[in-house]
$ cat my_file.txt   # compact mmCIF, C-alpha atoms and all ligand atoms
# COMPACT_ATOMS: atom_id res chain seq x y z
CA MET A 1 23.50 -21.51 29.27
CA ALA A 2 22.31 -19.89 32.43
CA ASP A 3 19.56 -17.99 34.12
CA LEU A 4 20.27 -14.57 35.56
CA SER A 5 18.90 -12.68 38.47
CA LEU A 6 19.29 -8.95 39.00
CA ARG A 7 18.11 -7.88 42.42
CA LYS A 8 17.72 -4.23 43.31
CA VAL A 9 20.78 -3.43 41.25
CA LYS A 10 21.77 0.20 41.46
CA LYS A 11 24.56 2.24 39.95
CA VAL A 12 25.70 5.65 41.07
CA TYR A 13 28.66 7.17 39.22
CA ASP A 14 30.98 9.48 41.14
CA ASN A 15 28.57 9.59 44.10
CA THR A 16 26.33 11.85 42.06
CA VAL A 17 25.00 10.42 38.79
CA VAL A 18 22.33 7.80 39.49
CA ALA A 19 22.47 5.79 36.28
CA VAL A 20 20.38 2.77 37.30
CA GLN A 21 17.79 2.54 40.06
CA ALA A 22 16.75 -0.66 41.84
CA PHE A 23 16.79 -2.83 38.75
CA ASP A 24 14.93 -6.10 39.38
CA LEU A 25 14.73 -8.81 36.76
CA GLU A 26 14.70 -12.59 36.59
CA ILE A 27 15.97 -13.86 33.25
CA ALA A 28 15.26 -17.46 32.31
CA ASP A 29 17.85 -19.78 30.79
CA LYS A 30 17.98 -19.22 26.99
CA GLU A 31 15.75 -16.19 27.17
CA PHE A 32 16.40 -13.23 24.85
CA ILE A 33 16.01 -10.03 26.85
CA VAL A 34 16.23 -6.60 25.24
CA LEU A 35 16.94 -3.46 27.27
CA VAL A 36 15.53 -0.50 25.39
CA GLY A 37 15.09 3.18 26.07
CA PRO A 38 16.34 6.58 25.03
CA SER A 39 20.00 7.51 25.24
CA GLY A 40 21.22 7.91 28.82
CA CYS A 41 18.47 5.80 30.43
CA GLY A 42 20.96 3.32 31.92
CA LYS A 43 20.88 0.41 29.47
CA SER A 44 24.60 0.11 28.86
CA THR A 45 25.38 0.60 32.52
CA THR A 46 23.06 -2.29 33.40
CA LEU A 47 24.68 -4.51 30.79
CA ARG A 48 28.18 -3.53 31.89
CA MET A 49 27.31 -4.38 35.48
CA VAL A 50 26.23 -7.85 34.34
CA ALA A 51 29.50 -8.15 32.43
CA GLY A 52 31.50 -7.04 35.44
CA LEU A 53 32.86 -3.98 33.66
CA GLU A 54 31.17 -1.62 36.13
CA GLU A 55 31.08 -2.03 39.84
CA ILE A 56 27.63 -2.39 41.35
CA THR A 57 26.78 0.33 43.84
CA ASP A 58 24.01 -1.69 45.44
CA GLY A 59 22.11 -4.92 44.87
CA GLU A 60 23.05 -8.39 43.66
CA ILE A 61 23.63 -10.11 40.36
CA TYR A 62 23.45 -13.90 39.98
CA ILE A 63 24.49 -15.83 36.88
CA GLY A 64 23.50 -19.49 36.88
CA GLY A 65 22.74 -19.27 40.59
CA ARG A 66 26.17 -17.90 41.46
CA LYS A 67 26.48 -14.43 42.94
CA VAL A 68 28.92 -12.56 40.73
CA ASN A 69 29.07 -9.08 42.32
CA THR A 70 32.80 -9.32 42.83
CA VAL A 71 33.67 -11.91 40.18
CA SER A 72 35.95 -10.56 37.45
CA PRO A 73 34.61 -10.33 33.87
CA LYS A 74 36.70 -13.19 32.57
CA ASP A 75 35.38 -15.52 35.26
CA ARG A 76 31.71 -14.79 34.61
CA ASP A 77 31.49 -17.05 31.57
CA ILE A 78 29.96 -14.39 29.40
CA ALA A 79 30.80 -12.87 26.04
CA MET A 80 30.04 -9.35 24.95
CA VAL A 81 29.72 -7.75 21.56
CA PHE A 82 30.02 -3.97 21.46
CA GLN A 83 28.90 -1.32 19.05
CA ASN A 84 32.52 -0.47 18.33
CA TYR A 85 33.71 -3.94 17.58
CA ALA A 86 37.46 -3.87 17.48
CA LEU A 87 39.21 -6.41 15.28
CA TYR A 88 42.96 -6.83 15.02
CA PRO A 89 43.68 -5.26 11.64
CA HIS A 90 46.83 -7.27 10.98
CA MET A 91 45.20 -10.65 11.67
CA THR A 92 43.03 -12.68 9.33
CA VAL A 93 39.40 -13.29 10.18
CA TYR A 94 40.39 -16.81 11.22
CA ASP A 95 43.00 -15.54 13.66
CA ASN A 96 40.73 -12.85 14.99
CA ILE A 97 38.13 -15.46 15.87
CA ALA A 98 40.72 -17.91 17.17
CA TYR A 99 42.61 -15.36 19.25
CA GLY A 100 40.80 -15.77 22.57
CA LEU A 101 41.01 -19.56 22.33
CA LYS A 102 44.75 -19.42 21.59
CA LEU A 103 45.25 -17.29 24.68
CA ARG A 104 43.45 -19.94 26.66
CA LYS A 105 45.80 -22.52 25.18
CA PHE A 106 43.14 -24.64 23.54
CA PRO A 107 44.58 -27.40 21.32
CA LYS A 108 44.93 -26.35 17.68
CA ARG A 109 42.48 -28.97 16.49
CA VAL A 110 39.78 -27.77 18.90
CA ILE A 111 40.38 -24.16 17.92
CA ASP A 112 40.09 -25.04 14.27
CA GLN A 113 36.84 -26.85 14.82
CA LYS A 114 35.32 -24.04 16.88
CA VAL A 115 36.38 -21.34 14.44
CA ARG A 116 34.95 -23.25 11.49
CA GLU A 117 31.70 -23.92 13.32
CA ALA A 118 31.33 -20.25 14.23
CA ALA A 119 32.15 -19.22 10.67
CA GLU A 120 29.54 -21.64 9.40
CA ILE A 121 26.89 -20.25 11.76
CA LEU A 122 27.70 -16.71 10.65
CA ASP A 123 28.11 -17.57 7.00
CA ILE A 124 31.63 -16.15 6.78
CA THR A 125 33.57 -19.33 5.95
CA GLU A 126 34.77 -17.89 2.66
CA LEU A 127 36.12 -14.83 4.46
CA LEU A 128 38.36 -16.63 6.94
CA LYS A 129 41.57 -15.73 5.12
CA ARG A 130 40.78 -12.06 4.68
CA LYS A 131 41.99 -9.20 6.80
CA PRO A 132 39.39 -6.92 8.41
CA LYS A 133 40.04 -4.04 6.02
CA ALA A 134 38.78 -6.20 3.16
CA LEU A 135 35.43 -6.68 4.88
CA SER A 136 32.20 -4.70 4.85
CA GLY A 137 30.82 -3.29 8.10
CA GLY A 138 28.31 -6.13 8.40
CA GLN A 139 30.99 -8.74 7.81
CA ARG A 140 33.25 -7.21 10.45
CA GLN A 141 30.40 -7.26 12.90
CA ARG A 142 29.91 -10.96 12.16
CA VAL A 143 33.57 -11.59 12.89
CA ALA A 144 33.18 -9.79 16.20
CA ILE A 145 30.19 -11.98 16.97
CA GLY A 146 32.19 -15.03 15.87
CA ARG A 147 34.83 -14.18 18.41
CA ALA A 148 32.15 -14.18 21.07
CA ILE A 149 30.50 -17.41 19.86
CA VAL A 150 33.66 -19.53 20.08
CA ARG A 151 33.80 -18.92 23.79
CA GLU A 152 30.48 -20.75 24.10
CA PRO A 153 29.51 -18.40 26.88
CA GLN A 154 26.71 -18.97 29.34
CA VAL A 155 25.38 -15.53 28.55
CA PHE A 156 25.71 -13.40 25.44
CA LEU A 157 25.71 -9.65 26.02
CA MET A 158 25.25 -7.29 23.08
CA ASP A 159 25.53 -3.52 23.39
CA GLU A 160 23.99 -1.80 20.36
CA PRO A 161 25.82 -4.19 18.04
CA LEU A 162 24.09 -2.87 14.94
CA SER A 163 24.23 0.88 15.54
CA ASN A 164 27.22 1.46 13.30
CA LEU A 165 25.62 -0.22 10.32
CA ASP A 166 23.56 1.55 7.70
CA ALA A 167 19.80 1.06 7.73
CA LYS A 168 19.62 -1.74 5.17
CA LEU A 169 22.43 -3.71 6.72
CA ARG A 170 20.93 -3.22 10.13
CA ASN A 171 17.68 -4.82 9.00
CA GLN A 172 19.63 -7.71 7.50
CA MET A 173 21.76 -8.21 10.59
CA ARG A 174 18.64 -8.11 12.73
CA SER A 175 17.35 -11.23 11.05
CA GLU A 176 20.86 -12.70 11.28
CA ILE A 177 20.72 -12.25 15.03
CA ILE A 178 17.36 -14.01 15.19
CA LYS A 179 18.92 -16.93 13.30
CA LEU A 180 22.05 -16.80 15.44
CA ARG A 181 19.94 -17.00 18.54
CA GLN A 182 18.30 -20.19 17.27
CA LYS A 183 21.66 -21.72 16.45
CA VAL A 184 23.62 -20.91 19.59
CA ASN A 185 20.64 -21.22 21.91
CA THR A 186 21.97 -19.42 24.96
CA THR A 187 20.82 -16.57 27.17
CA PHE A 188 21.02 -13.15 25.53
CA ILE A 189 20.84 -9.64 26.90
CA TYR A 190 20.73 -7.11 24.12
CA VAL A 191 20.84 -3.34 24.45
CA THR A 192 19.35 -1.00 21.87
CA HIS A 193 17.66 2.39 21.63
CA ASP A 194 15.67 1.18 18.63
CA GLN A 195 12.20 -0.01 19.54
CA THR A 196 11.84 -2.01 16.31
CA GLU A 197 14.97 -3.96 17.15
CA ALA A 198 13.58 -4.54 20.62
CA MET A 199 10.18 -5.65 19.36
CA THR A 200 11.57 -8.03 16.74
CA LEU A 201 14.34 -9.62 18.82
CA GLY A 202 13.14 -9.81 22.40
CA ASP A 203 11.28 -12.62 24.10
CA ARG A 204 10.77 -9.91 26.67
CA ILE A 205 11.57 -6.23 26.55
CA VAL A 206 12.68 -4.06 29.43
CA ILE A 207 11.80 -0.44 28.78
CA MET A 208 13.92 2.00 30.76
CA ARG A 209 13.82 5.73 31.38
CA ASP A 210 16.09 7.84 33.58
CA GLY A 211 17.50 4.75 35.29
CA PHE A 212 14.08 3.34 36.13
CA VAL A 213 12.49 0.28 34.62
CA GLN A 214 9.15 1.38 33.17
CA GLN A 215 7.80 -1.97 32.09
CA VAL A 216 8.91 -5.53 31.46
CA GLY A 217 6.89 -7.65 29.07
CA THR A 218 6.64 -9.52 25.83
CA PRO A 219 6.48 -7.38 22.69
CA GLN A 220 2.74 -8.00 22.53
CA GLU A 221 2.24 -6.99 26.16
CA VAL A 222 4.11 -3.73 25.96
CA PHE A 223 2.44 -2.87 22.66
CA HIS A 224 -1.12 -3.71 23.69
CA HIS A 225 -0.88 -2.94 27.40
CA PRO A 226 1.60 -0.10 27.91
CA ALA A 227 2.03 0.53 31.62
CA ASN A 228 2.25 4.28 31.20
CA LEU A 229 2.32 7.13 28.72
CA PHE A 230 6.08 6.87 28.27
CA VAL A 231 5.93 3.23 27.15
CA ALA A 232 2.87 4.00 25.04
CA GLY A 233 4.78 6.68 23.18
CA PHE A 234 8.07 4.81 22.95
CA ILE A 235 6.78 1.52 21.58
CA GLY A 236 5.07 1.48 18.19
CA THR A 237 5.54 3.57 15.12
CA PRO A 238 4.05 5.88 14.09
CA GLN A 239 3.66 6.96 17.69
CA MET A 240 0.44 6.53 19.59
CA ASN A 241 -1.86 9.57 19.37
CA ILE A 242 -2.63 11.08 22.78
CA PHE A 243 -5.84 13.07 23.32
CA ASP A 244 -7.20 15.03 26.24
CA ALA A 245 -10.41 13.16 26.93
CA ARG A 246 -12.88 12.21 29.64
CA LEU A 247 -13.44 8.82 31.15
CA VAL A 248 -17.10 8.45 32.11
CA ARG A 249 -18.28 5.76 34.50
CA GLU A 250 -22.00 4.95 34.45
CA GLY A 251 -22.58 2.26 37.04
CA GLU A 252 -20.66 -0.75 35.79
CA ARG A 253 -19.92 0.72 32.37
CA TYR A 254 -17.10 2.94 31.15
CA PHE A 255 -16.98 5.29 28.18
CA VAL A 256 -14.40 7.67 26.79
CA ALA A 257 -15.44 10.98 25.29
CA VAL A 258 -13.06 12.88 23.05
CA GLY A 259 -13.81 16.34 21.67
CA GLU A 260 -15.68 19.27 23.12
CA GLY A 261 -19.30 19.54 24.31
CA ALA A 262 -21.96 18.43 21.86
CA ALA A 263 -19.31 17.52 19.28
CA ALA A 264 -17.71 14.97 21.64
CA HIS A 265 -17.39 11.46 20.29
CA THR A 266 -18.19 8.84 22.90
CA VAL A 267 -17.09 5.20 22.69
CA GLU A 268 -17.80 2.44 25.18
CA LEU A 269 -14.69 0.58 26.30
CA SER A 270 -14.38 -3.15 25.68
CA PRO A 271 -15.74 -5.51 28.36
CA GLU A 272 -12.17 -6.55 29.32
CA LYS A 273 -11.10 -2.97 29.82
CA GLN A 274 -14.24 -2.16 31.77
CA ALA A 275 -13.61 -5.14 34.04
CA ARG A 276 -10.06 -4.02 34.76
CA LEU A 277 -11.10 -0.44 35.45
CA ARG A 278 -13.85 -1.67 37.76
CA ALA A 279 -11.37 -3.88 39.58
CA CYS A 280 -9.19 -0.82 40.15
CA GLY A 281 -12.19 1.21 41.32
CA VAL A 282 -11.57 3.88 38.69
CA GLU A 283 -14.14 6.69 38.67
CA SER A 284 -15.07 9.31 36.05
CA GLN A 285 -12.21 11.69 35.45
CA PRO A 286 -10.29 13.61 32.81
CA VAL A 287 -7.76 11.27 31.15
CA LYS A 288 -5.09 11.12 28.53
CA LEU A 289 -6.56 8.88 25.86
CA GLY A 290 -4.08 6.88 23.77
CA LEU A 291 -5.10 5.62 20.32
CA ARG A 292 -2.63 4.02 17.95
CA PRO A 293 -2.67 5.38 14.40
CA GLU A 294 -3.48 1.91 13.05
CA HIS A 295 -6.48 1.66 15.36
CA LEU A 296 -8.20 4.77 14.04
CA THR A 297 -10.64 4.22 11.19
CA LEU A 298 -12.15 6.72 8.81
CA THR A 299 -15.93 6.72 8.88
CA GLU A 300 -18.91 8.34 7.14
CA SER A 301 -20.88 8.38 10.38
CA ASP A 302 -21.73 11.69 12.03
CA ASP A 303 -20.86 10.20 15.40
CA ALA A 304 -17.11 10.53 15.04
CA VAL A 305 -14.20 12.86 15.63
CA TYR A 306 -14.10 15.58 12.98
CA ALA A 307 -10.76 16.37 11.41
CA ALA A 308 -9.11 18.07 8.44
CA VAL A 309 -6.32 16.54 6.40
CA ASP A 310 -2.91 18.20 6.63
CA VAL A 311 -0.91 15.80 4.55
CA SER A 312 -1.16 12.20 3.46
CA GLU A 313 1.90 10.05 3.00
CA MET A 314 1.81 7.04 0.72
CA MET A 315 3.78 4.25 2.37
CA GLY A 316 3.02 1.51 -0.16
CA SER A 317 0.99 -0.88 1.95
CA ALA A 318 -0.73 1.93 3.83
CA VAL A 319 -1.43 5.64 3.76
CA HIS A 320 -0.45 7.70 6.77
CA ILE A 321 -2.94 10.52 6.96
CA HIS A 322 -1.91 13.43 9.16
CA VAL A 323 -4.95 15.38 10.27
CA SER A 324 -5.80 18.17 12.67
CA ALA A 325 -8.40 17.17 15.21
CA CYS A 326 -9.26 18.45 18.68
CA GLY A 327 -6.63 21.17 18.20
CA GLN A 328 -3.74 18.79 17.66
CA ASP A 329 -1.95 16.68 15.07
CA VAL A 330 -3.23 13.16 14.70
CA VAL A 331 -1.94 10.34 12.52
CA ILE A 332 -4.29 7.78 10.99
CA VAL A 333 -2.88 4.71 9.26
CA VAL A 334 -5.17 3.40 6.53
CA PRO A 335 -4.04 0.02 5.21
CA LEU A 336 -4.34 -0.49 1.48
CA SER A 337 -5.35 -3.71 -0.21
CA GLU A 338 -3.61 -4.91 -3.39
CA GLU A 339 -6.09 -3.21 -5.72
CA GLU A 340 -6.21 0.11 -3.93
CA ASP A 341 -4.02 2.92 -5.15
CA GLY A 342 -4.69 5.02 -2.09
CA GLU A 343 -5.26 8.42 -3.59
CA ALA A 344 -3.64 11.21 -1.65
CA LEU A 345 -6.22 13.37 0.10
CA PRO A 346 -5.68 17.09 -0.58
CA MET A 347 -4.89 19.34 2.34
CA GLY A 348 -7.99 20.61 4.07
CA THR A 349 -10.18 17.63 3.11
CA PRO A 350 -12.66 17.09 5.94
CA VAL A 351 -12.62 13.56 7.34
CA ARG A 352 -14.12 11.79 10.35
CA PHE A 353 -12.62 9.01 12.35
CA THR A 354 -13.61 6.64 15.08
CA PHE A 355 -12.06 3.79 17.09
CA ARG A 356 -13.04 0.65 18.92
CA GLY A 357 -13.40 0.46 22.67
CA SER A 358 -10.78 -2.28 22.76
CA ALA A 359 -8.18 0.05 21.25
CA ALA A 360 -8.55 2.90 23.74
CA HIS A 361 -5.84 3.29 26.40
CA VAL A 362 -6.67 5.53 29.32
CA PHE A 363 -3.90 7.13 31.34
CA ASP A 364 -3.88 9.19 34.53
CA VAL A 365 -3.52 12.87 33.67
CA GLU A 366 -1.08 13.55 36.50
CA THR A 367 1.13 10.46 36.60
CA GLY A 368 0.68 9.01 33.11
CA ARG A 369 -0.06 5.62 34.65
CA ASN A 370 -2.33 3.28 32.68
CA LEU A 371 -5.56 3.30 34.69
CA GLU A 372 -6.14 -0.39 33.93
CA TYR A 373 -3.18 -1.28 36.13
CA PRO A 374 -3.60 -1.49 39.86
CA ILE A 375 -1.39 1.06 41.58
CA ALA A 376 1.84 -0.88 42.00
CA ARG A 377 5.52 -0.32 42.32
CA GLU A 378 6.61 2.12 39.64
CA SER A 379 9.29 -0.17 38.39
CA GLU A 380 7.48 -3.30 37.34
CA PRO A 381 3.72 -3.19 37.01
CA GLU A 382 1.87 -6.43 36.48
CA ALA A 383 0.62 -6.72 32.92
CA PRO A 384 -3.11 -7.25 32.74
CA ALA A 385 -4.11 -10.65 31.37
CA GLY A 386 -3.62 -10.64 27.62
CA GLU A 387 -6.57 -9.41 25.67
CA GLU A 388 -6.00 -8.83 22.00
CA GLN A 389 -7.42 -5.67 20.69
CA GLY A 390 -7.90 -4.25 17.28
CA PRO A 391 -5.84 -5.65 14.46
CA ALA A 392 -2.96 -7.38 16.21
CA GLU A 393 -0.31 -6.26 13.83
CA LYS A 394 3.18 -5.45 14.94
CA PRO A 395 4.23 -1.85 14.66
CA ALA A 396 5.31 -0.75 11.23
CA ALA A 397 8.95 -0.39 10.37
CA PRO A 398 10.39 2.77 11.82
CA THR A 399 11.72 5.60 9.82
CA GLU A 400 15.41 4.96 10.02
CA GLU A 401 17.59 7.81 11.14
CA ALA A 402 20.68 8.49 9.17
CA PRO A 403 23.21 6.13 10.73
CA PRO A 404 26.64 7.29 11.66
CA ALA A 405 29.19 6.59 8.96
CA PRO A 406 30.78 3.20 9.59
CA GLU A 407 34.19 3.68 11.04
CA GLY A 408 37.18 2.31 9.30
CA ILE A 409 39.45 -0.12 11.02
CA PRO A 410 42.04 1.90 12.87
CA GLU A 411 45.65 1.32 11.90
CA ARG A 412 46.70 0.29 15.34
CA GLU A 413 44.21 -0.80 17.79
CA THR A 414 44.14 -1.59 21.44
CA LEU A 415 41.80 -4.45 21.85
CA ASP A 416 40.97 -4.53 25.49
CA ASP A 417 39.34 -7.84 25.90
CA PRO A 418 38.27 -7.99 29.50
CA PHE A 419 36.83 -11.46 28.96
CA ALA A 420 40.07 -13.01 27.76
CA GLU A 421 42.66 -14.55 30.00
CA ASP A 422 45.30 -12.02 31.03
CA ASP A 423 48.19 -12.36 28.70
CA GLY A 424 47.38 -10.26 25.71
CA GLN A 425 50.98 -10.05 24.59
CA GLU A 426 50.33 -11.76 21.34
CA GLY A 427 49.02 -9.51 18.52
P1 LIG A 501 22.37 4.32 27.87
O1 LIG A 501 23.16 3.09 27.61
O2 LIG A 501 20.93 4.03 28.14
O3 LIG A 501 22.54 5.36 26.81
P2 LIG A 501 24.22 4.72 30.05
O4 LIG A 501 24.06 3.52 30.87
O5 LIG A 501 25.40 4.81 29.15
O6 LIG A 501 22.88 4.99 29.23
O7 LIG A 501 24.25 6.01 31.00
C1 LIG A 501 23.31 6.21 32.03
C2 LIG A 501 23.65 7.51 32.75
O8 LIG A 501 24.89 7.36 33.41
C3 LIG A 501 23.81 8.71 31.85
O9 LIG A 501 23.31 9.81 32.54
C4 LIG A 501 25.29 8.80 31.65
O10 LIG A 501 25.68 10.13 31.39
C5 LIG A 501 25.83 8.34 32.98
N1 LIG A 501 27.14 7.69 32.86
C6 LIG A 501 27.46 6.62 32.08
N2 LIG A 501 28.76 6.26 32.24
C7 LIG A 501 29.27 7.13 33.16
C8 LIG A 501 30.57 7.30 33.75
N3 LIG A 501 31.57 6.47 33.46
N4 LIG A 501 30.74 8.29 34.66
C9 LIG A 501 29.70 9.11 34.98
N5 LIG A 501 28.47 9.01 34.45
C10 LIG A 501 28.24 8.04 33.55
$ encode --input "my_file.txt" --output "structure tokens"
Amino acid sequence: MADLSLRKVKKVYDNTVVAVQAFDLEIADKEFIVLVGPSGCGKSTTLRMVAGLEEITDGEIYIGGRKVNTVSPKDRDIAMVFQNYALYPHMTVYDNIAYGLKLRKFPKRVIDQKVREAAEILDITELLKRKPKALSGGQRQRVAIGRAIVREPQVFLMDEPLSNLDAKLRNQMRSEIIKLRQKVNTTFIYVTHDQTEAMTLGDRIVIMRDGFVQQVGTPQEVFHHPANLFVAGFIGTPQMNIFDARLVREGERYFVAVGEGAAAHTVELSPEKQARLRACGVESQPVKLGLRPEHLTLTESDDAVYAAVDVSEMMGSAVHIHVSACGQDVVIVVPLSEEEDGEALPMGTPVRFTFRGSAAHVFDVETGRNLEYPIARESEPEAPAGEEQGPAEKPAAPTEEAPPAPEGIPERETLDDPFAEDDGQEG
């Protein structure tokens, strides 16, 4: 167990590709941190620098108070689980898990105890005698995790460990990781491109883009107080709707107006939002207005945004109504109670919707910055004090992309284990 400190960590590949920019983060002992962002944003590079698998171009990394910039991977007291978990195909599950400990010359009795404990935690005791080819993808991944657990590392690093699993298995393994975390109780850094994984697993989430940290916060913070348009769009599904709108300041009060001229729908922002905008000295201006689909409500009132239905999707517990409004596509999520069947609305049906002032996010048109944040360093804006707004539900499950076909276990495999003692002759 250990805390970590990343200070102005930077990575430039080949003197040209800047993969990670001035990454600053303090990670508490036993915290579960998730690095999330689109492909190529620098997540894996950051993790690999913590592991010692990539040299750091600039900055400092501390694990448990010890500077590790030049410490080799095997001396960092960490364990890493990769997306492409490689198991020795000719060894049983037991031997795969025990392998690293054997290399370190642990007594047989200790190895046996550790392997059985890990198997118990991962619920794979009955599989210990099998070879990897007789395991499902999820089971193999558990074995790979088992191999990491027996090290009892100070820090657990996971790089997209679930990406090779199909959607159902991925959901299952996600809850397994939550349980695992409670059982092994150590510090975790977990990399994923999947915002649902990030939201469900992380104590705090680090959202990255193009090598820059966009925001660090709890799932609730990044969902309810996105620092900028990128975070707003990345976190939450269906995605936040973004409108061209106007922020109007009248003395101490703030309103947003969406829609044109006389047809504009004006809503007063919540007192908390008004206070934050006042504190930042924000004046009337055109804005990007962000409204989450689940925070839009259909209304009979004339004072509303007018829209026409394109398509409505029945999702079981809710209907996702896609409408055209203000010259763009807008999604409205209408939750259904047990009794409601949620009739599909035919295309072209006129509807009206409104929203609460607590659910409106206003962003700078030029920079995309959330106007409720004081202008701060780009990399890590302070989250405004937590104010709950609208229904505080977590984002709905994402639509899963078709996962890559799970790879079979290769016949012969080089298992580079940079965290094991050098030896590696066995197997
Ligand atoms: P992510 O994990 O978020 O998908 P990576 O950390 O793998 O992103 O990559 C960040 C950036 O660094 C990308 O632009 C990627 O192409 C580049 N990159 C990663 N590894 C190397 C490498 N070994 N040599 C050169 N460029 C690399």
$ closest_residue --input "my_file.txt" --among "A:Arg142, A:Arg66, A:Lys129, A:Lys10" --to "ligand LIG 501 (chain A)" --atoms "only C-alpha atoms and all ligand atoms"
A:Lys10
$ closest_residue --input "my_file.txt" --among "A:Ile207, A:Ala22, A:Leu162, A:Val331" --to "ligand LIG 501 (chain A)" --atoms "all atoms listed in the file"
A:Ile207
$ closest_residue --input "my_file.txt" --among "A:Ile242, A:Leu289, A:Ala79, A:Ala264" --to "Gly52 of chain A" --atoms "only C-alpha atoms"
A:Ala79
$ closest_atom_pairs --input "my_file.txt" --of "chain A" --to "ligand LIG 501 (chain A)" --cutoff "10 Å" --atoms "all atoms listed in the file" --output "CSV"
residue,atom,partner,partner_atom,distance
A:Lys11,CA,A:LIG501,O8,8.3
A:Val12,CA,A:LIG501,O8,7.9
A:Tyr13,CA,A:LIG501,C9,4.8
A:Asp14,CA,A:LIG501,C9,6.3
A:Asn15,CA,A:LIG501,C9,9.2
A:Thr16,CA,A:LIG501,C9,8.3
A:Val17,CA,A:LIG501,N5,5.7
A:Val18,CA,A:LIG501,O8,6.6
A:Ala19,CA,A:LIG501,O8,4.1
A:Val20,CA,A:LIG501,C1,6.9
A:Leu35,CA,A:LIG501,O2,8.5
A:Val36,CA,A:LIG501,O2,7.6
A:Gly37,CA,A:LIG501,O2,6.3
A:Pro38,CA,A:LIG501,O2,6.1
A:Ser39,CA,A:LIG501,O3,3.7
A:Gly40,CA,A:LIG501,O6,3.4
A:Cys41,CA,A:LIG501,O2,3.8
A:Gly42,CA,A:LIG501,O4,3.3
A:Lys43,CA,A:LIG501,O2,3.9
A:Ser44,CA,A:LIG501,O1,3.5
A:Thr45,CA,A:LIG501,O4,3.6
A:Thr46,CA,A:LIG501,O4,6.4
A:Leu47,CA,A:LIG501,O4,8.1
A:Arg48,CA,A:LIG501,O4,8.2
A:Met49,CA,A:LIG501,O4,9.7
A:Glu54,CA,A:LIG501,N3,8.5
A:Asp159,CA,A:LIG501,O1,8.2
A:Glu160,CA,A:LIG501,O1,8.8
A:Val191,CA,A:LIG501,O1,7.5
A:Thr192,CA,A:LIG501,O1,8.0
A:His193,CA,A:LIG501,O2,7.5
A:Met208,CA,A:LIG501,O2,7.8
A:Arg209,CA,A:LIG501,O2,8.0
A:Asp210,CA,A:LIG501,O9,7.6
A:Gly211,CA,A:LIG501,C1,6.8
$ residues_around --input "my_file.txt" --residues "segment 308-313 of chain A" --least-positions-apart "6" --cutoff "8 Å" --atoms "all atoms listed in the file" --output "list in words"
Val319, His320, Ile321, His322, Val323, Ser324, Ala325, Ala344, Leu345, Pro346, Met347, Gly348, Thr349, Pro350 and Val351 of chain A
$ write_last_selection --input "my_file.txt" --atoms "C-alpha atoms" --output "CSV table (one decimal), keeping the file's coordinate frame"
chain,number,residue,atom,x,y,z
A,319,VAL,CA,-1.4,5.6,3.8
A,320,HIS,CA,-0.4,7.7,6.8
A,321,ILE,CA,-2.9,10.5,7.0
A,322,HIS,CA,-1.9,13.4,9.2
A,323,VAL,CA,-5.0,15.4,10.3
A,324,SER,CA,-5.8,18.2,12.7
A,325,ALA,CA,-8.4,17.2,15.2
A,344,ALA,CA,-3.6,11.2,-1.6
A,345,LEU,CA,-6.2,13.4,0.1
A,346,PRO,CA,-5.7,17.1,-0.6
A,347,MET,CA,-4.9,19.3,2.3
A,348,GLY,CA,-8.0,20.6,4.1
A,349,THR,CA,-10.2,17.6,3.1
A,350,PRO,CA,-12.7,17.1,5.9
A,351,VAL,CA,-12.6,13.6,7.3
$ atom_distance --input "my_file.txt" --atom1 "atom CA of Ala98 of chain A" --atom2 "atom CA of Arg147 of chain A"
7.1 Å
$ atom_distance --input "my_file.txt" --atom1 "atom CA of Phe156 of chain A" --atom2 "atom CA of Ile78 of chain A"
5.9 Å
$ atom_distance --input "my_file.txt" --atom1 "atom CA of Val9 of chain A" --atom2 "atom CA of Asp58 of chain A"
5.6 Å
$ residues_around --input "my_file.txt" --residues "Arg204 of chain A" --least-positions-apart "6" --cutoff "7 Å" --atoms "all atoms listed in the file" --output "number ranges by chain"
A: 32-34, 216-219
$ closest_residue --input "my_file.txt" --among "A:Leu127, A:Val155, A:Ala279, A:Ile178" --to "Val143 of chain A" --atoms "only C-alpha atoms"
A:Leu127
$ residues_near_point --input "my_file.txt" --point "(-2.1, 4.3, 17.7)" --cutoff "9 Å" --atoms "only C-alpha atoms" --output "list of chain:residue names"
A:Ala232, A:Gly236, A:Thr237, A:Pro238, A:Gln239, A:Met240, A:Asn241, A:Ile242, A:Gly290, A:Leu291, A:Arg292, A:Pro293, A:Glu294, A:His295, A:Leu296, A:Val331, A:Ile332, A:Val333, A:Ala359, A:Ala360
$ residues_around --input "my_file.txt" --residues "Tyr85 of chain A" --least-positions-apart "4" --cutoff "9 Å" --atoms "all atoms listed in the file" --output "list in words"
Val81, Arg140, Gln141, Val143, Ala144, Ile145 and Pro161 of chain A
$ axis_aligned_box --input "my_file.txt" --around "segment 54-57 of chain A" --padding-each-side "5 Å" --output "AutoDock Vina command-line options"
--center_x 29.0 --center_y -1.0 --center_z 40.0 --size_x 14.4 --size_y 12.7 --size_z 17.7
$ residues_around --input "my_file.txt" --residues "Arg76 of chain A" --least-positions-apart "3" --cutoff "12 Å" --atoms "only C-alpha atoms" --output "ChimeraX atom specification"
/A:1-2,4,49-53,61-73,79-80,151,153-157,418-421
$ residues_around --input "my_file.txt" --residues "Asn171 of chain A" --least-positions-apart "3" --cutoff "12 Å" --atoms "only C-alpha atoms" --output "ChimeraX atom specification"
/A:138,162-163,165-168,174-178,194,196-197,200-201,397-398,400
